[in-house]
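Participant: File name model-v7.csv; file contents CSV, C-alpha atoms and all ligand atoms; full text below.
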```csv
chain,number,residue,atom,x,y,z
A,2,MET,CA,-49.3,50.9,68.7
A,3,ILE,CA,-49.0,52.2,65.1
A,4,ASP,CA,-48.3,55.6,66.5
A,5,ASP,CA,-45.2,54.2,68.3
A,6,ILE,CA,-43.6,53.5,64.9
A,7,LYS,CA,-43.7,57.2,64.2
A,8,LYS,CA,-41.1,57.8,66.9
A,9,LEU,CA,-38.5,55.3,65.6
A,10,LYS,CA,-35.3,56.6,64.1
A,11,GLY,CA,-35.5,56.4,60.3
A,12,PHE,CA,-36.4,57.8,56.9
A,13,MET,CA,-40.0,56.8,56.5
A,14,PRO,CA,-42.6,59.6,56.9
A,15,HIS,CA,-45.7,58.3,58.7
A,16,HIS,CA,-48.2,58.9,55.9
A,17,GLU,CA,-46.0,56.8,53.5
A,18,GLY,CA,-45.5,54.2,56.2
A,19,LEU,CA,-49.2,53.8,56.6
A,20,ALA,CA,-49.3,53.1,52.8
A,21,LEU,CA,-46.6,50.5,53.3
A,22,LEU,CA,-48.7,48.9,56.0
A,23,LYS,CA,-51.8,48.8,53.7
A,24,TRP,CA,-49.9,47.4,50.7
A,25,SER,CA,-48.1,44.9,52.9
A,26,GLU,CA,-51.5,43.6,54.1
A,27,THR,CA,-52.8,43.4,50.5
A,28,PHE,CA,-49.8,41.7,48.9
A,29,SER,CA,-48.6,39.4,51.7
A,30,LYS,CA,-51.6,37.3,50.8
A,31,TYR,CA,-49.5,36.1,48.0
A,32,GLY,CA,-46.1,35.6,49.7
A,33,PRO,CA,-43.6,37.0,52.2
A,34,ILE,CA,-42.4,40.6,52.1
A,35,ILE,CA,-38.8,41.4,51.2
A,36,GLU,CA,-37.3,44.8,52.2
A,37,ILE,CA,-34.0,46.1,50.9
A,38,GLY,CA,-32.7,48.8,53.3
A,39,THR,CA,-33.6,48.2,57.0
A,40,TYR,CA,-31.6,51.0,58.7
A,41,CYS,CA,-33.2,51.0,62.2
A,42,GLY,CA,-36.3,49.2,61.2
A,43,LYS,CA,-38.9,52.0,60.8
A,44,SER,CA,-40.3,50.9,57.4
A,45,SER,CA,-39.8,47.2,58.5
A,46,ALA,CA,-42.2,47.9,61.3
A,47,TYR,CA,-45.0,49.3,59.0
A,48,LEU,CA,-44.5,46.3,56.7
A,49,ALA,CA,-44.6,43.9,59.7
A,50,TYR,CA,-47.9,45.3,60.9
A,51,GLY,CA,-49.5,44.7,57.5
A,52,ALA,CA,-47.9,41.2,57.0
A,53,ILE,CA,-49.0,39.9,60.4
A,54,LYS,CA,-52.7,40.1,59.2
A,55,ASN,CA,-51.9,37.3,56.8
A,56,ASN,CA,-49.5,35.5,59.2
A,57,GLN,CA,-46.6,36.4,57.0
A,58,VAL,CA,-43.0,37.4,57.6
A,59,VAL,CA,-40.9,40.3,56.4
A,60,TYR,CA,-37.3,39.5,55.4
A,61,THR,CA,-35.3,42.7,55.7
A,62,ILE,CA,-31.9,42.9,54.1
A,63,ASP,CA,-29.2,45.4,55.1
A,64,HIS,CA,-25.4,45.1,55.8
A,65,HIS,CA,-26.2,47.7,58.5
A,66,SER,CA,-23.0,49.7,57.6
A,67,GLY,CA,-25.1,52.6,56.2
A,68,SER,CA,-25.3,54.1,52.8
A,69,GLU,CA,-22.9,56.7,51.4
A,70,GLU,CA,-25.0,59.6,52.9
A,71,HIS,CA,-24.9,58.1,56.4
A,72,GLN,CA,-21.1,58.0,56.7
A,73,ILE,CA,-19.1,60.3,58.9
A,74,ASN,CA,-19.1,63.9,57.6
A,75,GLU,CA,-22.0,63.1,55.1
A,76,GLU,CA,-25.4,64.7,55.1
A,77,TYR,CA,-27.3,62.1,57.1
A,78,PHE,CA,-24.5,61.0,59.5
A,79,ASP,CA,-26.0,60.2,63.0
A,80,GLU,CA,-23.6,59.7,65.8
A,81,GLU,CA,-26.1,57.5,67.6
A,82,VAL,CA,-25.6,54.8,65.0
A,83,TYR,CA,-21.8,55.1,64.9
A,84,ASP,CA,-19.9,52.3,66.6
A,85,GLU,CA,-16.9,54.0,68.0
A,86,SER,CA,-15.0,50.8,68.9
A,87,ASN,CA,-15.2,49.5,65.4
A,88,LYS,CA,-15.1,52.9,63.7
A,89,ARG,CA,-18.1,52.2,61.5
A,90,ILE,CA,-21.9,52.8,61.3
A,91,ASP,CA,-23.8,49.9,62.8
A,92,THR,CA,-27.6,50.3,62.8
A,93,PHE,CA,-28.2,46.7,63.8
A,94,PRO,CA,-28.4,47.2,67.6
A,95,ILE,CA,-31.0,49.9,67.3
A,96,PHE,CA,-32.9,47.9,64.8
A,97,LYS,CA,-33.0,44.9,67.2
A,98,MET,CA,-34.0,47.1,70.1
A,99,ASN,CA,-36.8,48.7,68.1
A,100,MET,CA,-38.3,45.4,67.0
A,101,GLU,CA,-38.2,44.2,70.7
A,102,LYS,CA,-39.7,47.5,71.9
A,103,LEU,CA,-42.7,47.1,69.6
A,104,GLY,CA,-43.1,43.4,70.2
A,105,ILE,CA,-42.5,42.6,66.5
A,106,GLU,CA,-41.6,39.0,65.9
A,107,ASN,CA,-42.4,38.6,62.2
A,108,VAL,CA,-39.3,40.5,60.9
A,109,ILE,CA,-36.4,38.3,59.9
A,110,PRO,CA,-33.1,40.3,59.4
A,111,VAL,CA,-30.7,39.3,56.8
A,112,VAL,CA,-27.4,41.1,57.5
A,113,ALA,CA,-25.6,41.1,54.2
A,114,LYS,CA,-25.2,43.0,51.0
A,115,SER,CA,-28.3,43.0,48.9
A,116,GLU,CA,-26.5,41.9,45.7
A,117,LEU,CA,-25.1,38.9,47.5
A,118,VAL,CA,-28.5,37.8,48.9
A,119,SER,CA,-30.4,38.3,45.6
A,120,ARG,CA,-28.0,36.0,43.8
A,121,SER,CA,-29.1,33.0,45.9
A,122,TRP,CA,-32.6,34.0,46.9
A,123,GLN,CA,-35.2,31.4,45.9
A,124,ALA,CA,-38.6,32.2,47.3
A,125,ASP,CA,-40.8,34.7,45.4
A,126,ALA,CA,-42.2,37.6,47.4
A,127,GLY,CA,-45.7,39.0,47.6
A,128,LEU,CA,-44.1,42.5,47.8
A,129,ILE,CA,-40.6,43.7,47.4
A,130,PHE,CA,-39.7,47.1,48.9
A,131,ILE,CA,-36.6,48.8,47.6
A,132,ASP,CA,-35.1,51.5,49.9
A,133,GLY,CA,-31.4,50.5,50.0
A,134,GLY,CA,-28.4,52.5,48.7
A,135,HIS,CA,-29.4,55.5,46.7
A,136,SER,CA,-26.4,55.7,44.4
A,137,MET,CA,-27.3,54.9,40.8
A,138,GLU,CA,-25.2,51.7,41.0
A,139,SER,CA,-26.9,50.5,44.1
A,140,ALA,CA,-30.4,51.3,42.9
A,141,LEU,CA,-29.8,49.5,39.6
A,142,ASN,CA,-28.3,46.5,41.3
A,143,ASP,CA,-31.3,46.3,43.6
A,144,TYR,CA,-33.8,46.6,40.7
A,145,HIS,CA,-32.1,44.0,38.5
A,146,GLY,CA,-31.3,41.7,41.4
A,147,TRP,CA,-34.9,41.6,42.8
A,148,LYS,CA,-37.4,42.5,40.0
A,149,ASN,CA,-37.8,38.8,39.0
A,150,LYS,CA,-38.4,37.5,42.5
A,151,ILE,CA,-41.9,38.8,42.8
A,152,CYS,CA,-44.8,36.4,42.5
A,153,SER,CA,-47.3,37.0,39.6
A,154,ASP,CA,-49.9,38.8,41.8
A,155,GLY,CA,-47.3,40.7,43.8
A,156,ALA,CA,-46.0,44.2,44.0
A,157,LEU,CA,-42.8,46.2,43.7
A,158,VAL,CA,-42.6,49.3,46.0
A,159,ILE,CA,-39.9,52.0,45.6
A,160,HIS,CA,-39.2,54.8,48.1
A,161,ASP,CA,-37.8,58.3,47.4
A,162,ILE,CA,-39.2,59.1,44.0
A,163,PHE,CA,-38.6,62.8,43.2
A,164,ASP,CA,-39.9,64.1,39.9
A,165,ASP,CA,-37.8,67.2,40.2
A,166,PRO,CA,-34.1,66.6,40.7
A,167,LYS,CA,-34.1,69.8,42.9
A,168,ASP,CA,-36.0,67.8,45.5
A,169,GLY,CA,-33.8,64.7,45.7
A,170,GLY,CA,-31.5,62.1,44.0
A,171,GLN,CA,-32.7,60.5,40.9
A,172,ALA,CA,-31.6,56.9,41.3
A,173,PRO,CA,-34.9,55.6,42.7
A,174,ASN,CA,-36.8,57.6,40.0
A,175,THR,CA,-34.6,56.0,37.3
A,176,ILE,CA,-35.5,52.4,38.5
A,177,TYR,CA,-39.2,53.5,38.8
A,178,LYS,CA,-39.1,54.6,35.1
A,179,LYS,CA,-37.3,51.4,34.1
A,180,ALA,CA,-39.9,49.3,35.8
A,181,LEU,CA,-42.7,51.1,34.0
A,182,ALA,CA,-40.9,50.6,30.7
A,183,GLU,CA,-40.5,46.9,31.5
A,184,GLY,CA,-44.2,46.0,32.1
A,185,PHE,CA,-44.9,47.1,35.7
A,186,GLU,CA,-47.9,49.4,36.1
A,187,LEU,CA,-48.5,52.0,38.8
A,188,TYR,CA,-51.0,50.7,41.4
A,189,GLU,CA,-50.8,53.6,43.8
A,190,ARG,CA,-48.5,56.5,44.7
A,191,ILE,CA,-48.3,58.1,48.1
A,192,ASP,CA,-46.1,61.1,47.9
A,193,THR,CA,-42.5,59.8,47.3
A,194,THR,CA,-43.4,56.1,47.5
A,195,VAL,CA,-44.8,54.1,44.5
A,196,CYS,CA,-46.4,50.7,44.5
A,197,LEU,CA,-46.3,48.9,41.1
A,198,THR,CA,-47.8,45.6,40.0
A,199,LYS,CA,-46.7,43.5,37.1
A,200,VAL,CA,-49.2,43.3,34.2
B,301,LIG,C1,-32.4,54.9,53.3
B,301,LIG,S1,-31.8,53.7,54.4
B,301,LIG,C2,-33.2,52.7,54.7
B,301,LIG,C3,-34.2,53.5,55.5
B,301,LIG,C4,-35.3,52.6,56.1
B,301,LIG,N1,-36.1,51.9,55.1
B,301,LIG,C5,-36.2,53.4,57.0
B,301,LIG,O1,-37.4,53.2,57.0
B,301,LIG,O2,-35.7,54.2,57.8
B,301,LIG,C6,-30.8,52.7,53.3
B,301,LIG,C7,-30.2,51.5,54.0
B,301,LIG,O3,-29.7,50.7,52.9
B,301,LIG,C8,-28.5,50.0,53.4
B,301,LIG,N2,-27.7,49.6,52.2
B,301,LIG,C9,-27.1,50.5,51.3
B,301,LIG,N3,-26.5,49.8,50.4
B,301,LIG,C10,-26.8,48.5,50.6
B,301,LIG,C11,-26.4,47.2,50.0
B,301,LIG,N4,-25.7,47.2,48.9
B,301,LIG,N5,-26.8,46.1,50.6
B,301,LIG,C12,-27.5,46.1,51.7
B,301,LIG,N6,-27.9,47.2,52.4
B,301,LIG,C13,-27.5,48.4,51.8
B,301,LIG,C14,-27.8,51.0,54.3
B,301,LIG,O4,-27.0,50.3,55.3
B,301,LIG,C15,-29.1,51.7,54.9
B,301,LIG,O5,-29.3,51.2,56.2
```
As C-alpha cells, what does this structure read like?

Facilitator:
Amino acid sequence: MIDDIKKLKGFMPHHEGLALLKWSETFSKYGPIIEIGTYCGKSSAYLAYGAIKNNQVVYTIDHHSGSEEHQINEEYFDEEVYDESNKRIDTFPIFKMNMEKLGIENVIPVVAKSELVSRSWQADAGLIFIDGGHSMESALNDYHGWKNKICSDGALVIHDIFDDPKDGGQAPNTIYKKALAEGFELYERIDTTVCLTKV
C-alpha cells in the first residue's frame, strides 16, 4: 500500500515521504495535521497514513491553480494537470482520484489560498507541513500565517531546503532559518525536509 504512494504524480521523494509518515504518526497524537501545498496529494497520502494511526485527519490547503513554476511554459508545467476548457492548471481532479484510488478518507481538502485560510483558522495543529508556493513572498506568508497555529508539543515541517543555492530556490531555507532564530529547534532532517519542534 505505501509503495502505491510512490507512483503518484508529485514532488515528494519516497524517502522523505516516509519521514513525513513517521512524523505525522508521532505528532498527530497532539492534534490534526495541516498541509499547505497539496498538488495531486502525494505528500497528503504519506501524512494521512501516519495520522490514521491516531485516528486523526489531514487538512490540506491548496487553491489547486499551481505555483509559478507549474504554469504554462514554466519549468514544472505538466499538461496532464492543465484544464484546457478553463485555460488554467487544476490539480484537484487528480488529487481526488488519487485519494479514492488509495482508499484514503482522512484527508480534508480546503480549496483556497493559504493566506485566506490562515486568517480565520482556529484549531491548533499537531503538525504543520509547509510546501506551498516557493516564491519568497509565498513562503514568508505561509510561515507567518501558520507558525502560531501549532500546539505546544507539535511540529513544523518544511520541504525543499537547499543549503546551496545552486541546488534550488532559497525561500524554504529562509523560513527554516527564521524558524530556528525564533525558537524552533531541529528535531530531524531527512535530505531536503526538516522537522522542527518549538522549545
Ligand atoms: C510544490 S507543490 C506541492 C507539492 C506536494 N506537496 C506534493 O507532495 O507533490 C506547491 C502547491 O502549492 C500550491 N500553492 C501555491 N501558492 C499557494 C497559495 N498561496 N495558497 C494555496 N496553495 C498554493 C500550488 O497550487 C501547488 O499545488

Participant: Report as JSON, numbers by chain which protein, DNA and RNA residues come within 8 Å of ligand LIG 301 (chain B), using only C-alpha atoms and all ligand atoms.

Facilitator: {"A": [10, 11, 12, 13, 36, 37, 38, 39, 40, 41, 42, 43, 44, 45, 62, 63, 64, 65, 66, 67, 68, 69, 71, 92, 112, 113, 114, 115, 116, 132, 133, 134, 135, 139, 143]}

Participant: Report the distance between atom CA of Gln72 of chain A and atom CA of Leu19 of chain A in Å, rounded to one decimal place.

Facilitator: 28.4 Å

Participant: Where's the centre, and what are the edge lengths in Å to one decimal, of a box along x, y and z enclosing all listed atoms of segment 89-106 of chain A padded 6 Å per side, as AutoDock Vina command-line options?

Facilitator:
```
--center_x -30.6 --center_y 45.9 --center_z 66.6 --size_x 37.0 --size_y 25.8 --size_z 22.6
```

Participant: Considering all atoms listed in the file, state which residue in the set A:Val111, A:Asn87, A:Gly155, A:Ser136 is at the smallest distance from Gly170 of chain A.

Facilitator: A:Ser136

Participant: Can you tell me, as a list in words, what residues are no more than 8 Å from Val108 of chain A when counting all atoms listed in the file, ignoring any on the same chain fewer than 5 positions away?

Facilitator: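 Listing them by chain and then by number gives Ser45, Ala46, Ala49, Val58, Val59, Tyr60, Thr61 and Met100 of chain A.
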
Participant: Just the residues within 7 Å of Ala20 of chain A, please, counting all atoms listed in the file, with nothing from its chain fewer than 4 positions along; format it as JSON, numbers by chain.

Facilitator: {"A": [16, 24, 191]}

Participant: Considering only C-alpha atoms, can you say which of A:Gly104, A:Pro173, A:Pro166, A:Pro33 comes closest to Ile3 of chain A?

Facilitator: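 Residue with the minimum atom-to-atom distance to Ile3 of chain A: A:Gly104.
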
Participant: Return as a tab-separated table the residues of segment 25-71 of chain A lying at most 6 Å from segment 123-130 of chain A, together with the closest atom-to-atom pair for each and the distance in Å to one decimal, counting all atoms listed in the file, with rows in chain order and ascending residue number.

Facilitator:
```
residue	atom	partner	partner_atom	distance
A:Phe28	CA	A:Gly127	CA	5.1
A:Ser29	CA	A:Gly127	CA	5.0
A:Tyr31	CA	A:Gly127	CA	4.8
A:Gly32	CA	A:Gly127	CA	4.0
A:Pro33	CA	A:Ala126	CA	5.0
A:Ile34	CA	A:Leu128	CA	5.0
A:Ile35	CA	A:Ile129	CA	4.8
A:Glu36	CA	A:Phe130	CA	4.7
```

Participant: Can you tell me how far atom CA of Glu26 of chain A sits from atom CA of Ile53 of chain A, in Å to one decimal?

Facilitator: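 If I compute the distance from atom CA of Glu26 of chain A to atom CA of Ile53 of chain A, I get 7.7 Å.
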
Participant: Out of A:Ile159, A:Ile95, A:Lys167, A:Leu103, which residue has the shortest atom-to-atom distance to Asp4 of chain A when counting all atoms listed in the file?

Facilitator: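 Closest candidate: A:Leu103.
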
Participant: Rank A:Leu197, A:Asn55, A:Asn149, A:Ile105 by their smallest atom-to-atom distance to Arg120 of chain A, using all atoms listed in the file, and report the top residue only.

Facilitator: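 That would be A:Asn149, the residue with the smallest distance to Arg120 of chain A.
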
Participant: Mind giving me the straight-line distance from atom CA of Asp84 of chain A to atom CA of Gly146 of chain A in Å, one decimal?

Facilitator: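 For atom CA of Asp84 of chain A relative to atom CA of Gly146 of chain A, the distance reads 29.6 Å.
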
Participant: Between A:Met137, A:Phe93, A:Val200, A:Lys150, which has the minimum distance to Gln171 of chain A (counting all atoms listed in the file)?

Facilitator: A:Met137

Participant: Just so I have it separately, write segment 13-120 of chain A from the block I sent, keeping C-alpha atoms, as a short mmCIF file (atom, residue, chain, number, x, y, z; two decimals), in the first residue's frame.

Facilitator:
```cif
data_model
loop_
_atom_site.label_atom_id
_atom_site.label_comp_id
_atom_site.auth_asym_id
_atom_site.auth_seq_id
_atom_site.Cartn_x
_atom_site.Cartn_y
_atom_site.Cartn_z
CA MET A 13 7.73 14.24 -2.70
CA PRO A 14 10.58 11.70 -2.97
CA HIS A 15 9.72 8.40 -1.28
CA HIS A 16 12.41 8.52 1.42
CA GLU A 17 11.24 12.00 2.50
CA GLY A 18 7.63 10.85 2.27
CA LEU A 19 8.37 8.00 4.67
CA ALA A 20 9.75 10.60 7.10
CA LEU A 21 6.50 12.59 6.73
CA LEU A 22 4.56 9.43 7.55
CA LYS A 23 6.64 8.81 10.68
CA TRP A 24 6.41 12.44 11.90
CA SER A 25 2.69 12.50 11.17
CA GLU A 26 2.24 9.42 13.34
CA THR A 27 4.30 11.00 16.14
CA PHE A 28 2.75 14.47 16.14
CA SER A 29 -0.87 13.68 15.25
CA LYS A 30 -1.13 12.44 18.84
CA TYR A 31 -1.41 16.13 19.75
CA GLY A 32 -3.78 17.38 17.06
CA PRO A 33 -4.71 17.28 13.37
CA ILE A 34 -2.19 17.69 10.56
CA ILE A 35 -2.30 20.77 8.31
CA GLU A 36 -0.59 20.71 4.92
CA ILE A 37 0.00 23.80 2.77
CA GLY A 38 0.50 22.70 -0.85
CA THR A 39 -1.49 19.63 -1.89
CA TYR A 40 -0.82 19.49 -5.66
CA CYS A 41 -2.04 15.95 -6.55
CA GLY A 42 -1.97 14.63 -2.99
CA LYS A 43 1.33 12.75 -2.87
CA SER A 44 2.60 14.22 0.41
CA SER A 45 -1.00 14.29 1.71
CA ALA A 46 -1.08 10.50 1.31
CA TYR A 47 2.08 9.96 3.39
CA LEU A 48 0.71 12.31 6.07
CA ALA A 49 -2.65 10.52 6.00
CA TYR A 50 -1.07 7.11 6.54
CA GLY A 51 0.70 8.42 9.65
CA ALA A 52 -2.31 10.32 11.03
CA ILE A 53 -4.73 7.39 10.68
CA LYS A 54 -2.76 5.55 13.38
CA ASN A 55 -4.10 8.14 15.86
CA ASN A 56 -7.50 8.40 14.19
CA GLN A 57 -6.57 11.91 13.06
CA VAL A 58 -7.26 13.93 9.92
CA VAL A 59 -5.10 15.90 7.49
CA TYR A 60 -6.42 19.28 6.33
CA THR A 61 -4.70 20.01 3.04
CA ILE A 62 -4.83 23.55 1.66
CA ASP A 63 -4.29 24.49 -1.98
CA HIS A 64 -6.06 26.72 -4.50
CA HIS A 65 -5.16 23.97 -6.99
CA SER A 66 -4.14 26.54 -9.63
CA GLY A 67 -0.45 25.63 -9.33
CA SER A 68 2.54 27.68 -8.26
CA GLU A 69 4.55 29.97 -10.51
CA GLU A 70 6.76 27.10 -11.72
CA HIS A 71 3.76 24.94 -12.74
CA GLN A 72 2.29 27.48 -15.18
CA ILE A 73 2.37 27.06 -18.93
CA ASN A 74 5.92 27.43 -20.36
CA GLU A 75 7.48 27.21 -16.87
CA GLU A 76 9.91 24.52 -15.66
CA TYR A 77 7.39 22.19 -13.99
CA PHE A 78 4.42 22.64 -16.35
CA ASP A 79 2.57 19.33 -16.77
CA GLU A 80 -0.12 19.19 -19.43
CA GLU A 81 -1.93 16.42 -17.54
CA VAL A 82 -2.98 18.95 -14.91
CA TYR A 83 -3.90 21.67 -17.42
CA ASP A 84 -7.64 22.26 -17.76
CA GLU A 85 -7.95 23.25 -21.42
CA SER A 86 -11.59 24.38 -21.14
CA ASN A 87 -10.82 26.85 -18.37
CA LYS A 88 -7.28 27.62 -19.59
CA ARG A 89 -5.75 27.04 -16.17
CA ILE A 90 -3.92 24.47 -14.06
CA ASP A 91 -6.33 22.40 -11.99
CA THR A 92 -4.77 19.68 -9.85
CA PHE A 93 -7.96 18.96 -7.88
CA PRO A 94 -9.39 16.19 -10.14
CA ILE A 95 -6.18 14.13 -9.96
CA PHE A 96 -5.88 14.79 -6.21
CA LYS A 97 -9.43 13.48 -5.70
CA MET A 98 -8.80 10.45 -7.91
CA ASN A 99 -5.57 9.65 -6.03
CA MET A 100 -7.26 9.72 -2.61
CA GLU A 101 -10.04 7.46 -3.90
CA LYS A 102 -7.56 5.08 -5.55
CA LEU A 103 -5.67 4.65 -2.27
CA GLY A 104 -8.85 4.46 -0.18
CA ILE A 105 -7.77 7.46 1.89
CA GLU A 106 -10.68 9.02 3.78
CA ASN A 107 -8.89 11.11 6.44
CA VAL A 108 -7.71 13.90 4.11
CA ILE A 109 -9.92 17.01 4.08
CA PRO A 110 -9.19 19.33 1.16
CA VAL A 111 -9.53 23.08 1.64
CA VAL A 112 -9.54 24.64 -1.83
CA ALA A 113 -8.45 28.23 -1.21
CA LYS A 114 -5.43 30.48 -0.91
CA SER A 115 -3.32 29.62 2.13
CA GLU A 116 -3.22 33.24 3.34
CA LEU A 117 -7.03 33.43 3.31
CA VAL A 118 -7.43 30.20 5.28
CA SER A 119 -4.77 31.03 7.88
CA ARG A 120 -6.50 34.32 8.76
#
```
